[in-house]
$ cat structure_30.cif   # mmCIF, C-alpha atoms; chains and numbers go by the auth columns
data_work
loop_
_atom_site.group_PDB
_atom_site.id
_atom_site.type_symbol
_atom_site.label_atom_id
_atom_site.label_comp_id
_atom_site.label_asym_id
_atom_site.label_seq_id
_atom_site.Cartn_x
_atom_site.Cartn_y
_atom_site.Cartn_z
_atom_site.B_iso_or_equiv
_atom_site.auth_seq_id
_atom_site.auth_asym_id
ATOM 1 C CA MET A 1 -32.686 19.557 -58.283 0.00 1 A
ATOM 2 C CA MET A 2 -32.827 23.011 -56.695 0.00 2 A
ATOM 3 C CA ASN A 3 -29.012 23.103 -56.955 0.00 3 A
ATOM 4 C CA HIS A 4 -28.824 21.811 -60.511 0.00 4 A
ATOM 5 C CA PRO A 5 -26.418 23.935 -62.603 0.00 5 A
ATOM 6 C CA LEU A 6 -28.994 24.227 -65.411 0.00 6 A
ATOM 7 C CA LEU A 7 -31.695 25.623 -63.123 0.00 7 A
ATOM 8 C CA PRO A 8 -30.890 29.360 -63.584 0.00 8 A
ATOM 9 C CA LYS A 9 -30.841 28.984 -67.367 0.00 9 A
ATOM 10 C CA LEU A 10 -34.046 26.942 -67.444 0.00 10 A
ATOM 11 C CA ARG A 11 -35.734 29.479 -65.185 0.00 11 A
ATOM 12 C CA ALA A 12 -34.642 32.317 -67.458 0.00 12 A
ATOM 13 C CA LEU A 13 -36.283 30.457 -70.352 0.00 13 A
ATOM 14 C CA ARG A 14 -39.307 29.531 -68.220 0.00 14 A
ATOM 15 C CA LEU A 15 -38.463 25.866 -68.665 0.00 15 A
ATOM 16 C CA SER A 16 -37.601 24.937 -65.085 0.00 16 A
ATOM 17 C CA GLY A 17 -40.212 22.138 -65.216 0.00 17 A
ATOM 18 C CA MET A 18 -37.807 20.200 -67.394 0.00 18 A
ATOM 19 C CA LEU A 19 -35.803 19.409 -64.281 0.00 19 A
ATOM 20 C CA ASP A 20 -38.621 17.080 -63.176 0.00 20 A
ATOM 21 C CA THR A 21 -37.698 14.523 -65.832 0.00 21 A
ATOM 22 C CA LEU A 22 -34.216 15.631 -66.909 0.00 22 A
ATOM 23 C CA GLU A 23 -32.216 12.951 -65.088 0.00 23 A
ATOM 24 C CA ILE A 24 -34.711 10.199 -65.992 0.00 24 A
ATOM 25 C CA ARG A 25 -34.619 11.179 -69.660 0.00 25 A
ATOM 26 C CA ALA A 26 -30.808 11.478 -69.565 0.00 26 A
ATOM 27 C CA ALA A 27 -30.543 7.918 -68.223 0.00 27 A
ATOM 28 C CA GLU A 28 -32.959 6.700 -70.925 0.00 28 A
ATOM 29 C CA ALA A 29 -30.952 8.490 -73.592 0.00 29 A
ATOM 30 C CA ALA A 30 -27.733 6.838 -72.445 0.00 30 A
ATOM 31 C CA THR A 31 -29.357 3.393 -72.321 0.00 31 A
ATOM 32 C CA THR A 32 -31.085 3.630 -75.700 0.00 32 A
ATOM 33 C CA GLN A 33 -28.344 5.691 -77.354 0.00 33 A
ATOM 34 C CA LEU A 34 -30.607 8.539 -78.383 0.00 34 A
ATOM 35 C CA THR A 35 -29.184 11.277 -80.565 0.00 35 A
ATOM 36 C CA PRO A 36 -29.001 14.767 -79.040 0.00 36 A
ATOM 37 C CA SER A 37 -31.967 15.912 -81.142 0.00 37 A
ATOM 38 C CA GLU A 38 -34.039 12.881 -80.046 0.00 38 A
ATOM 39 C CA PHE A 39 -33.166 13.546 -76.407 0.00 39 A
ATOM 40 C CA LEU A 40 -34.148 17.198 -76.768 0.00 40 A
ATOM 41 C CA ALA A 41 -37.413 16.236 -78.485 0.00 41 A
ATOM 42 C CA ILE A 42 -38.405 13.993 -75.573 0.00 42 A
ATOM 43 C CA LEU A 43 -37.631 16.737 -73.053 0.00 43 A
ATOM 44 C CA LEU A 44 -39.707 19.205 -75.048 0.00 44 A
ATOM 45 C CA ASP A 45 -42.591 16.718 -75.231 0.00 45 A
ATOM 46 C CA ASP A 46 -42.442 16.427 -71.435 0.00 46 A
ATOM 47 C CA GLU A 47 -42.569 20.207 -71.110 0.00 47 A
ATOM 48 C CA LEU A 48 -45.502 20.514 -73.508 0.00 48 A
ATOM 49 C CA GLU A 49 -47.427 17.870 -71.567 0.00 49 A
ATOM 50 C CA ARG A 50 -46.695 19.636 -68.277 0.00 50 A
ATOM 51 C CA ARG A 51 -47.987 22.893 -69.697 0.00 51 A
ATOM 52 C CA ARG A 52 -51.076 21.207 -71.105 0.00 52 A
ATOM 53 C CA GLN A 53 -51.865 19.661 -67.727 0.00 53 A
ATOM 54 C CA SER A 54 -51.204 22.959 -65.950 0.00 54 A
ATOM 55 C CA LYS A 55 -53.550 24.788 -68.319 0.00 55 A
ATOM 56 C CA LEU A 56 -56.236 22.118 -67.898 0.00 56 A
ATOM 57 C CA THR A 57 -55.990 22.375 -64.113 0.00 57 A
ATOM 58 C CA ARG A 58 -56.301 26.159 -64.280 0.00 58 A
ATOM 59 C CA LEU A 59 -59.266 26.040 -66.666 0.00 59 A
ATOM 60 C CA THR A 60 -60.987 23.403 -64.514 0.00 60 A
ATOM 61 C CA ILE A 61 -60.670 25.515 -61.376 0.00 61 A
ATOM 62 C CA GLU A 62 -61.845 28.663 -63.159 0.00 62 A
ATOM 63 C CA ALA A 63 -64.810 26.831 -64.708 0.00 63 A
ATOM 64 C CA GLY A 64 -66.013 25.399 -61.401 0.00 64 A
ATOM 65 C CA VAL A 65 -66.558 21.894 -62.771 0.00 65 A
ATOM 66 C CA ASP A 66 -66.290 18.601 -60.926 0.00 66 A
ATOM 67 C CA PRO A 67 -63.455 16.712 -62.666 0.00 67 A
ATOM 68 C CA ALA A 68 -64.842 13.411 -61.350 0.00 68 A
ATOM 69 C CA LYS A 69 -68.153 13.774 -63.216 0.00 69 A
ATOM 70 C CA THR A 70 -67.074 12.760 -66.693 0.00 70 A
ATOM 71 C CA LEU A 71 -68.740 10.795 -69.479 0.00 71 A
ATOM 72 C CA ALA A 72 -66.759 7.750 -68.369 0.00 72 A
ATOM 73 C CA HIS A 73 -68.553 7.953 -65.025 0.00 73 A
ATOM 74 C CA PHE A 74 -72.041 8.475 -66.447 0.00 74 A
ATOM 75 C CA ASP A 75 -74.205 5.357 -66.211 0.00 75 A
ATOM 76 C CA PHE A 76 -75.950 5.200 -69.588 0.00 76 A
ATOM 77 C CA THR A 77 -77.465 1.829 -68.679 0.00 77 A
ATOM 78 C CA ALA A 78 -79.382 3.515 -65.857 0.00 78 A
ATOM 79 C CA ALA A 79 -80.611 6.171 -68.281 0.00 79 A
ATOM 80 C CA PRO A 80 -81.465 4.232 -71.454 0.00 80 A
ATOM 81 C CA GLN A 81 -83.742 7.025 -72.687 0.00 81 A
ATOM 82 C CA VAL A 82 -80.761 9.373 -73.131 0.00 82 A
ATOM 83 C CA ASN A 83 -79.668 9.719 -76.755 0.00 83 A
ATOM 84 C CA ARG A 84 -76.187 8.291 -76.278 0.00 84 A
ATOM 85 C CA ALA A 85 -75.192 8.815 -79.895 0.00 85 A
ATOM 86 C CA LEU A 86 -76.030 12.510 -79.615 0.00 86 A
ATOM 87 C CA VAL A 87 -74.144 12.828 -76.334 0.00 87 A
ATOM 88 C CA MET A 88 -71.017 11.262 -77.849 0.00 88 A
ATOM 89 C CA GLU A 89 -71.301 13.559 -80.865 0.00 89 A
ATOM 90 C CA LEU A 90 -71.591 16.560 -78.567 0.00 90 A
ATOM 91 C CA ALA A 91 -68.525 15.327 -76.681 0.00 91 A
ATOM 92 C CA THR A 92 -66.442 16.138 -79.774 0.00 92 A
ATOM 93 C CA CYS A 93 -67.266 19.775 -78.933 0.00 93 A
ATOM 94 C CA HIS A 94 -68.061 20.688 -82.527 0.00 94 A
ATOM 95 C CA PHE A 95 -71.077 22.517 -81.112 0.00 95 A
ATOM 96 C CA ILE A 96 -68.779 25.152 -79.602 0.00 96 A
ATOM 97 C CA PRO A 97 -67.383 26.765 -82.774 0.00 97 A
ATOM 98 C CA ALA A 98 -70.819 26.307 -84.340 0.00 98 A
ATOM 99 C CA ALA A 99 -72.399 28.240 -81.413 0.00 99 A
ATOM 100 C CA GLU A 100 -75.090 25.580 -80.989 0.00 100 A
ATOM 101 C CA ASN A 101 -76.847 25.547 -77.632 0.00 101 A
ATOM 102 C CA ILE A 102 -77.664 22.403 -75.642 0.00 102 A
ATOM 103 C CA LEU A 103 -80.916 22.282 -73.692 0.00 103 A
ATOM 104 C CA MET A 104 -81.543 19.490 -71.178 0.00 104 A
ATOM 105 C CA GLY A 105 -84.864 18.942 -69.454 0.00 105 A
ATOM 106 C CA GLY A 106 -86.159 16.289 -67.093 0.00 106 A
ATOM 107 C CA PRO A 107 -86.890 15.395 -63.462 0.00 107 A
ATOM 108 C CA THR A 108 -84.494 16.073 -60.619 0.00 108 A
ATOM 109 C CA GLY A 109 -81.688 13.570 -60.092 0.00 109 A
ATOM 110 C CA THR A 110 -81.695 11.964 -63.543 0.00 110 A
ATOM 111 C CA GLY A 111 -78.191 13.053 -64.549 0.00 111 A
ATOM 112 C CA LYS A 112 -78.642 16.367 -66.366 0.00 112 A
ATOM 113 C CA SER A 113 -76.048 18.217 -64.286 0.00 113 A
ATOM 114 C CA HIS A 114 -73.645 15.297 -64.643 0.00 114 A
ATOM 115 C CA LEU A 115 -73.973 15.340 -68.430 0.00 115 A
ATOM 116 C CA ALA A 116 -73.530 19.119 -68.565 0.00 116 A
ATOM 117 C CA ASN A 117 -70.460 18.843 -66.339 0.00 117 A
ATOM 118 C CA ALA A 118 -69.062 15.994 -68.459 0.00 118 A
ATOM 119 C CA LEU A 119 -69.462 17.938 -71.709 0.00 119 A
ATOM 120 C CA THR A 120 -67.735 20.886 -70.049 0.00 120 A
ATOM 121 C CA CYS A 121 -64.832 18.616 -69.092 0.00 121 A
ATOM 122 C CA GLU A 122 -64.500 17.622 -72.747 0.00 122 A
ATOM 123 C CA ALA A 123 -64.473 21.282 -73.741 0.00 123 A
ATOM 124 C CA LEU A 124 -61.754 22.069 -71.195 0.00 124 A
ATOM 125 C CA LYS A 125 -59.600 19.207 -72.489 0.00 125 A
ATOM 126 C CA ARG A 126 -59.695 20.901 -75.886 0.00 126 A
ATOM 127 C CA GLY A 127 -58.518 24.203 -74.440 0.00 127 A
ATOM 128 C CA HIS A 128 -61.884 25.985 -74.377 0.00 128 A
ATOM 129 C CA THR A 129 -62.800 28.331 -71.547 0.00 129 A
ATOM 130 C CA ALA A 130 -65.998 27.578 -69.639 0.00 130 A
ATOM 131 C CA TYR A 131 -68.027 28.525 -66.587 0.00 131 A
ATOM 132 C CA VAL A 132 -70.579 26.354 -64.757 0.00 132 A
ATOM 133 C CA ARG A 133 -73.051 27.774 -62.253 0.00 133 A
ATOM 134 C CA SER A 134 -76.626 27.203 -61.153 0.00 134 A
ATOM 135 C CA ALA A 135 -78.997 29.816 -62.543 0.00 135 A
ATOM 136 C CA HIS A 136 -79.641 31.148 -59.034 0.00 136 A
ATOM 137 C CA ARG A 137 -75.945 31.524 -58.187 0.00 137 A
ATOM 138 C CA LEU A 138 -74.994 32.972 -61.566 0.00 138 A
ATOM 139 C CA LEU A 139 -77.624 35.697 -61.347 0.00 139 A
ATOM 140 C CA ALA A 140 -76.743 36.366 -57.694 0.00 140 A
ATOM 141 C CA GLU A 141 -73.119 36.872 -58.745 0.00 141 A
ATOM 142 C CA LEU A 142 -74.215 39.358 -61.388 0.00 142 A
ATOM 143 C CA GLN A 143 -76.352 41.203 -58.848 0.00 143 A
ATOM 144 C CA ALA A 144 -73.403 41.390 -56.447 0.00 144 A
ATOM 145 C CA ALA A 145 -71.203 42.644 -59.281 0.00 145 A
ATOM 146 C CA ARG A 146 -73.759 45.353 -60.025 0.00 146 A
ATOM 147 C CA ALA A 147 -73.573 46.434 -56.372 0.00 147 A
ATOM 148 C CA ASN A 148 -69.765 46.662 -56.234 0.00 148 A
ATOM 149 C CA GLY A 149 -69.267 48.235 -59.641 0.00 149 A
ATOM 150 C CA THR A 150 -67.743 45.223 -61.415 0.00 150 A
ATOM 151 C CA PHE A 151 -70.837 44.304 -63.411 0.00 151 A
ATOM 152 C CA PRO A 152 -69.568 45.418 -66.865 0.00 152 A
ATOM 153 C CA ARG A 153 -66.371 43.403 -66.526 0.00 153 A
ATOM 154 C CA ARG A 154 -68.090 40.291 -65.170 0.00 154 A
ATOM 155 C CA PHE A 155 -70.875 40.419 -67.746 0.00 155 A
ATOM 156 C CA SER A 156 -68.339 40.873 -70.551 0.00 156 A
ATOM 157 C CA ARG A 157 -66.415 37.861 -69.275 0.00 157 A
ATOM 158 C CA LEU A 158 -69.546 35.700 -69.275 0.00 158 A
ATOM 159 C CA CYS A 159 -70.273 36.756 -72.843 0.00 159 A
ATOM 160 C CA SER A 160 -66.749 35.957 -74.051 0.00 160 A
ATOM 161 C CA LEU A 161 -66.373 32.471 -72.538 0.00 161 A
ATOM 162 C CA ALA A 162 -66.300 29.679 -75.104 0.00 162 A
ATOM 163 C CA LEU A 163 -68.976 27.808 -73.123 0.00 163 A
ATOM 164 C CA LEU A 164 -71.434 28.924 -70.460 0.00 164 A
ATOM 165 C CA VAL A 165 -73.373 26.306 -68.483 0.00 165 A
ATOM 166 C CA ILE A 166 -76.482 27.386 -66.573 0.00 166 A
ATOM 167 C CA ASP A 167 -77.698 24.614 -64.296 0.00 167 A
ATOM 168 C CA ASP A 168 -81.127 24.153 -62.683 0.00 168 A
ATOM 169 C CA LEU A 169 -83.019 26.870 -64.539 0.00 169 A
ATOM 170 C CA GLY A 170 -86.479 27.194 -63.026 0.00 170 A
ATOM 171 C CA LEU A 171 -85.612 25.552 -59.728 0.00 171 A
ATOM 172 C CA ARG A 172 -86.081 28.917 -58.025 0.00 172 A
ATOM 173 C CA PRO A 173 -88.149 31.869 -59.248 0.00 173 A
ATOM 174 C CA LEU A 174 -86.231 34.544 -61.139 0.00 174 A
ATOM 175 C CA SER A 175 -86.407 38.121 -59.940 0.00 175 A
ATOM 176 C CA PRO A 176 -87.350 40.685 -62.604 0.00 176 A
ATOM 177 C CA GLN A 177 -83.711 41.847 -62.696 0.00 177 A
ATOM 178 C CA GLY A 178 -82.499 38.255 -62.850 0.00 178 A
ATOM 179 C CA ALA A 179 -84.785 37.501 -65.789 0.00 179 A
ATOM 180 C CA GLU A 180 -83.466 40.577 -67.618 0.00 180 A
ATOM 181 C CA ASP A 181 -79.828 39.621 -66.926 0.00 181 A
ATOM 182 C CA LEU A 182 -80.437 36.089 -68.148 0.00 182 A
ATOM 183 C CA TYR A 183 -82.071 37.362 -71.316 0.00 183 A
ATOM 184 C CA GLU A 184 -79.172 39.741 -71.971 0.00 184 A
ATOM 185 C CA LEU A 185 -76.685 36.890 -71.581 0.00 185 A
ATOM 186 C CA ILE A 186 -78.660 34.794 -74.056 0.00 186 A
ATOM 187 C CA ARG A 187 -78.965 37.712 -76.467 0.00 187 A
ATOM 188 C CA GLU A 188 -75.274 38.608 -76.349 0.00 188 A
ATOM 189 C CA ARG A 189 -74.120 35.025 -76.842 0.00 189 A
ATOM 190 C CA TYR A 190 -76.664 34.259 -79.577 0.00 190 A
ATOM 191 C CA GLU A 191 -74.909 32.875 -82.685 0.00 191 A
ATOM 192 C CA ARG A 192 -71.543 33.713 -81.114 0.00 192 A
ATOM 193 C CA LYS A 193 -70.981 31.409 -78.148 0.00 193 A
ATOM 194 C CA PRO A 194 -73.036 28.401 -76.991 0.00 194 A
ATOM 195 C CA ILE A 195 -74.914 27.902 -73.752 0.00 195 A
ATOM 196 C CA ILE A 196 -75.812 24.648 -72.021 0.00 196 A
ATOM 197 C CA ILE A 197 -78.936 24.927 -69.873 0.00 197 A
ATOM 198 C CA THR A 198 -80.388 22.236 -67.624 0.00 198 A
ATOM 199 C CA SER A 199 -83.796 22.375 -65.977 0.00 199 A
ATOM 200 C CA ASN A 200 -85.972 20.039 -63.956 0.00 200 A
ATOM 201 C CA ARG A 201 -88.945 21.449 -65.860 0.00 201 A
ATOM 202 C CA ALA A 202 -90.277 19.892 -69.035 0.00 202 A
ATOM 203 C CA PHE A 203 -89.399 21.895 -72.121 0.00 203 A
ATOM 204 C CA HIS A 204 -92.938 23.243 -72.510 0.00 204 A
ATOM 205 C CA GLU A 205 -92.688 24.685 -68.976 0.00 205 A
ATOM 206 C CA TRP A 206 -89.529 26.703 -69.617 0.00 206 A
ATOM 207 C CA PRO A 207 -91.324 29.966 -70.505 0.00 207 A
ATOM 208 C CA ALA A 208 -92.816 30.062 -67.001 0.00 208 A
ATOM 209 C CA ALA A 209 -89.309 30.025 -65.503 0.00 209 A
ATOM 210 C CA PHE A 210 -88.714 33.587 -66.711 0.00 210 A
ATOM 211 C CA GLY A 211 -91.826 35.004 -65.088 0.00 211 A
ATOM 212 C CA ASP A 212 -92.196 37.381 -68.039 0.00 212 A
ATOM 213 C CA ASP A 213 -93.892 36.198 -71.217 0.00 213 A
ATOM 214 C CA LEU A 214 -92.148 38.729 -73.472 0.00 214 A
ATOM 215 C CA LEU A 215 -88.642 37.983 -72.168 0.00 215 A
ATOM 216 C CA ALA A 216 -89.354 34.261 -72.235 0.00 216 A
ATOM 217 C CA SER A 217 -90.451 34.378 -75.863 0.00 217 A
ATOM 218 C CA ALA A 218 -87.433 36.408 -76.958 0.00 218 A
ATOM 219 C CA ALA A 219 -84.964 34.306 -74.951 0.00 219 A
ATOM 220 C CA LEU A 220 -86.311 30.915 -76.023 0.00 220 A
ATOM 221 C CA ASP A 221 -86.515 32.020 -79.649 0.00 221 A
ATOM 222 C CA ARG A 222 -82.755 32.600 -79.569 0.00 222 A
ATOM 223 C CA LEU A 223 -81.916 29.562 -77.450 0.00 223 A
ATOM 224 C CA THR A 224 -83.769 27.156 -79.716 0.00 224 A
ATOM 225 C CA HIS A 225 -82.709 28.603 -83.070 0.00 225 A
ATOM 226 C CA HIS A 226 -79.466 26.597 -83.163 0.00 226 A
ATOM 227 C CA CYS A 227 -79.707 23.945 -80.493 0.00 227 A
ATOM 228 C CA HIS A 228 -79.642 20.298 -79.476 0.00 228 A
ATOM 229 C CA THR A 229 -82.198 19.041 -76.959 0.00 229 A
ATOM 230 C CA LEU A 230 -81.818 16.168 -74.538 0.00 230 A
ATOM 231 C CA ALA A 231 -84.784 14.837 -72.570 0.00 231 A
ATOM 232 C CA VAL A 232 -83.323 13.124 -69.506 0.00 232 A
ATOM 233 C CA THR A 233 -86.031 11.166 -67.735 0.00 233 A
ATOM 234 C CA GLY A 234 -86.249 8.200 -65.391 0.00 234 A
ATOM 235 C CA ASP A 235 -85.707 7.552 -61.704 0.00 235 A
ATOM 236 C CA SER A 236 -83.506 9.768 -59.579 0.00 236 A
ATOM 237 C CA TYR A 237 -79.944 8.483 -59.118 0.00 237 A
ATOM 238 C CA ARG A 238 -80.050 9.677 -55.530 0.00 238 A
ATOM 239 C CA GLN A 239 -83.298 7.834 -54.815 0.00 239 A
ATOM 240 C CA ARG A 240 -81.939 4.654 -56.414 0.00 240 A
ATOM 241 C CA GLY A 241 -78.900 4.940 -54.162 0.00 241 A
ATOM 242 C CA ARG A 242 -81.153 5.460 -51.132 0.00 242 A
ATOM 243 C CA ALA A 243 -83.244 2.417 -52.046 0.00 243 A
ATOM 244 C CA THR A 244 -80.099 0.304 -52.362 0.00 244 A
ATOM 245 C CA SER A 245 -78.934 1.449 -48.932 0.00 245 A
ATOM 246 C CA VAL A 246 -82.256 0.537 -47.361 0.00 246 A
ATOM 247 C CA GLU A 247 -82.300 -2.870 -49.026 0.00 247 A
ATOM 248 C CA GLY A 248 -78.781 -3.444 -47.743 0.00 248 A
ATOM 249 C CA GLY A 249 -79.875 -2.776 -44.189 0.00 249 A
ATOM 250 C CA ARG A 250 -78.694 0.838 -43.915 0.00 250 A
ATOM 251 C CA HIS A 251 -82.000 2.591 -43.252 0.00 251 A
ATOM 252 C CA ALA A 252 -82.378 6.236 -44.129 0.00 252 A
ATOM 253 C CA PRO A 253 -83.265 8.536 -41.224 0.00 253 A
ATOM 254 C CA THR A 254 -86.937 9.204 -40.649 0.00 254 A
ATOM 255 C CA PRO A 255 -87.918 12.566 -42.142 0.00 255 A
ATOM 256 C CA VAL A 256 -88.724 15.309 -39.674 0.00 256 A
ATOM 257 C CA ALA A 257 -91.981 17.110 -40.343 0.00 257 A
#

$ encode --input "structure_30.cif" --output "structure tokens"
Amino acid sequence: MMNHPLLPKLRALRLSGMLDTLEIRAAEAATTQLTPSEFLAILLDDELERRRQSKLTRLTIEAGVDPAKTLAHFDFTAAPQVNRALVMELATCHFIPAAENILMGGPTGTGKSHLANALTCEALKRGHTAYVRSAHRLLAELQAARANGTFPRRFSRLCSLALLVIDDLGLRPLSPQGAEDLYELIRERYERKPIIITSNRAFHEWPAAFGDDLLASAALDRLTHHCHTLAVTGDSYRQRGRATSVEGGRHAPTPVA
């Protein structure tokens, strides 16, 4: 294909990907007696699909999501308390143009991060930009950006993304600067762009995660104004998997004190 006579012309038009299916489609056209316009339409459909897949791959890498953690791989039977109807409604991604936040609370290992990741995958499929980070890592990245002079650009990018996902809020204490940065992100995105936040704290414990009553009140007032809440409770997936391994004869190592 690298020596195909059409390659220079397709490259000039930025359509060189058409060579991937050109001969296959040409053989199909001859067999099924497609008209020239029908043959061209099929080639263009192939090119559009290639570009869609290329864009999805790029957005997935930039977002930092796990493409394997989708709704299809979420075990709703193991989490019967999760509002499945709400999750499926959120999967349509109507919450994004509506700038409605999603807040998930519950114990560690119950599937909050998986659900957040899965909803992000749905957003990416629809061409939305997104970014997924733990609260600790996100704020560390902002602190590093402040140190190297790229803070304004990075902060602006986080504010402009169609969807921002902040995982594990409250797992580690926030520094005073981190709490201020988080509040500013929430304030800038308020009624413009949605945020998904997960936390292993119960919802009534979220104010304590900020370490500052005033910032917590202002941030949560904005987060909860237009939002959907999901309480994800139950046994840890990881602990269930560990119990299954032990029952099957594969004993977990003895913890070291």

$ closest_residue --input "structure_30.cif" --among "A:Leu22, A:Ala147, A:Ala123, A:Ala135" --to "Thr92 in chain A" --atoms "all atoms listed in the file"
A:Ala123

$ residues_around --input "structure_30.cif" --residues "Ile197 in chain A" --least-positions-apart "5" --cutoff "8 Å" --atoms "only C-alpha atoms" --output "PyMOL selection string"
chain A and resi 102-104+165-169

$ closest_residue --input "structure_30.cif" --among "A:Val232, A:His128, A:Gly170, A:Gly64" --to "Pro97 in chain A" --atoms "all atoms listed in the file"
A:His128

$ atom_distance --input "structure_30.cif" --atom1 "CA of Leu220 in chain A" --atom2 "CA of Ile186 in chain A"
8.8 Å

$ residues_around --input "structure_30.cif" --residues "Leu43 in chain A" --least-positions-apart "3" --cutoff "12 Å" --atoms "all atoms listed in the file" --output "number ranges by chain"
A: 15-26, 28-29, 36-40, 46-50

$ atom_distance --input "structure_30.cif" --atom1 "CA of Ile195 in chain A" --atom2 "CA of Leu164 in chain A"
4.9 Å

$ atom_distance --input "structure_30.cif" --atom1 "CA of Thr233 in chain A" --atom2 "CA of Gly106 in chain A"
5.2 Å

$ residues_around --input "structure_30.cif" --residues "Asp181 in chain A" --least-positions-apart "4" --cutoff "8 Å" --atoms "all atoms listed in the file" --output "ChimeraX atom specification"
/A:139,142,177,185

$ axis_aligned_box --input "structure_30.cif" --around "range 154-171 of chain A" --padding-each-side "8 Å" --output "AutoDock Vina command-line options"
--center_x -76.4 --center_y 32.5 --center_z -67.4 --size_x 36.2 --size_y 32.7 --size_z 31.4

$ resolve_selection --input "structure_30.cif" --expression "the PyMOL selection byres ((chain A and resi 157) around 12)" --output "ChimeraX atom specification"
/A:62,129-131,142,150-156,158-164,185,188-189,193

$ resolve_selection --input "structure_30.cif" --expression "the PyMOL selection byres ((chain A and resi 176) around 12)" --output "list of chain:residue names"
A:Leu139, A:Gln143, A:Pro173, A:Leu174, A:Ser175, A:Gln177, A:Gly178, A:Ala179, A:Glu180, A:Asp181, A:Leu182, A:Tyr183, A:Ala209, A:Phe210, A:Gly211, A:Asp212, A:Asp213, A:Leu215, A:Ala216

$ residues_around --input "structure_30.cif" --residues "Pro67 in chain A" --least-positions-apart "4" --cutoff "9 Å" --atoms "only C-alpha atoms" --output "PyMOL selection string"
chain A and resi 60+117-118+121

$ write_last_selection --input "structure_30.cif" --atoms "C-alpha atoms" --output "compact mmCIF listing (two decimals), keeping the file's coordinate frame"
# COMPACT_ATOMS: atom_id res chain seq x y z
CA THR A 60 -60.99 23.40 -64.51
CA ASN A 117 -70.46 18.84 -66.34
CA ALA A 118 -69.06 15.99 -68.46
CA CYS A 121 -64.83 18.62 -69.09

$ closest_residue --input "structure_30.cif" --among "A:Ile96, A:Gly111, A:Pro207, A:Arg58" --to "Gln81 in chain A" --atoms "all atoms listed in the file"
A:Gly111

$ closest_residue --input "structure_30.cif" --among "A:Phe203, A:Ala12, A:Asp221, A:Ala98" --to "Arg187 in chain A" --atoms "all atoms listed in the file"
A:Asp221

$ closest_residue --input "structure_30.cif" --among "A:His73, A:Arg51, A:His136, A:Arg84" --to "Ser199 in chain A" --atoms "all atoms listed in the file"
A:His136

$ closest_residue --input "structure_30.cif" --among "A:Glu89, A:Glu122, A:Glu100, A:Glu191" --to "Leu59 in chain A" --atoms "only C-alpha atoms"
A:Glu122

$ residues_around --input "structure_30.cif" --residues "Gly127 in chain A" --least-positions-apart "5" --cutoff "9 Å" --atoms "all atoms listed in the file" --output "mmCIF file with C-alpha atoms, in the frame of the given file"
data_model
loop_
_atom_site.group_PDB
_atom_site.id
_atom_site.type_symbol
_atom_site.label_atom_id
_atom_site.label_comp_id
_atom_site.auth_asym_id
_atom_site.auth_seq_id
_atom_site.Cartn_x
_atom_site.Cartn_y
_atom_site.Cartn_z
ATOM 1 C CA ARG A 52 -51.076 21.207 -71.105
ATOM 2 C CA LYS A 55 -53.550 24.788 -68.319
ATOM 3 C CA LEU A 56 -56.236 22.118 -67.898
ATOM 4 C CA LEU A 59 -59.266 26.040 -66.666
#
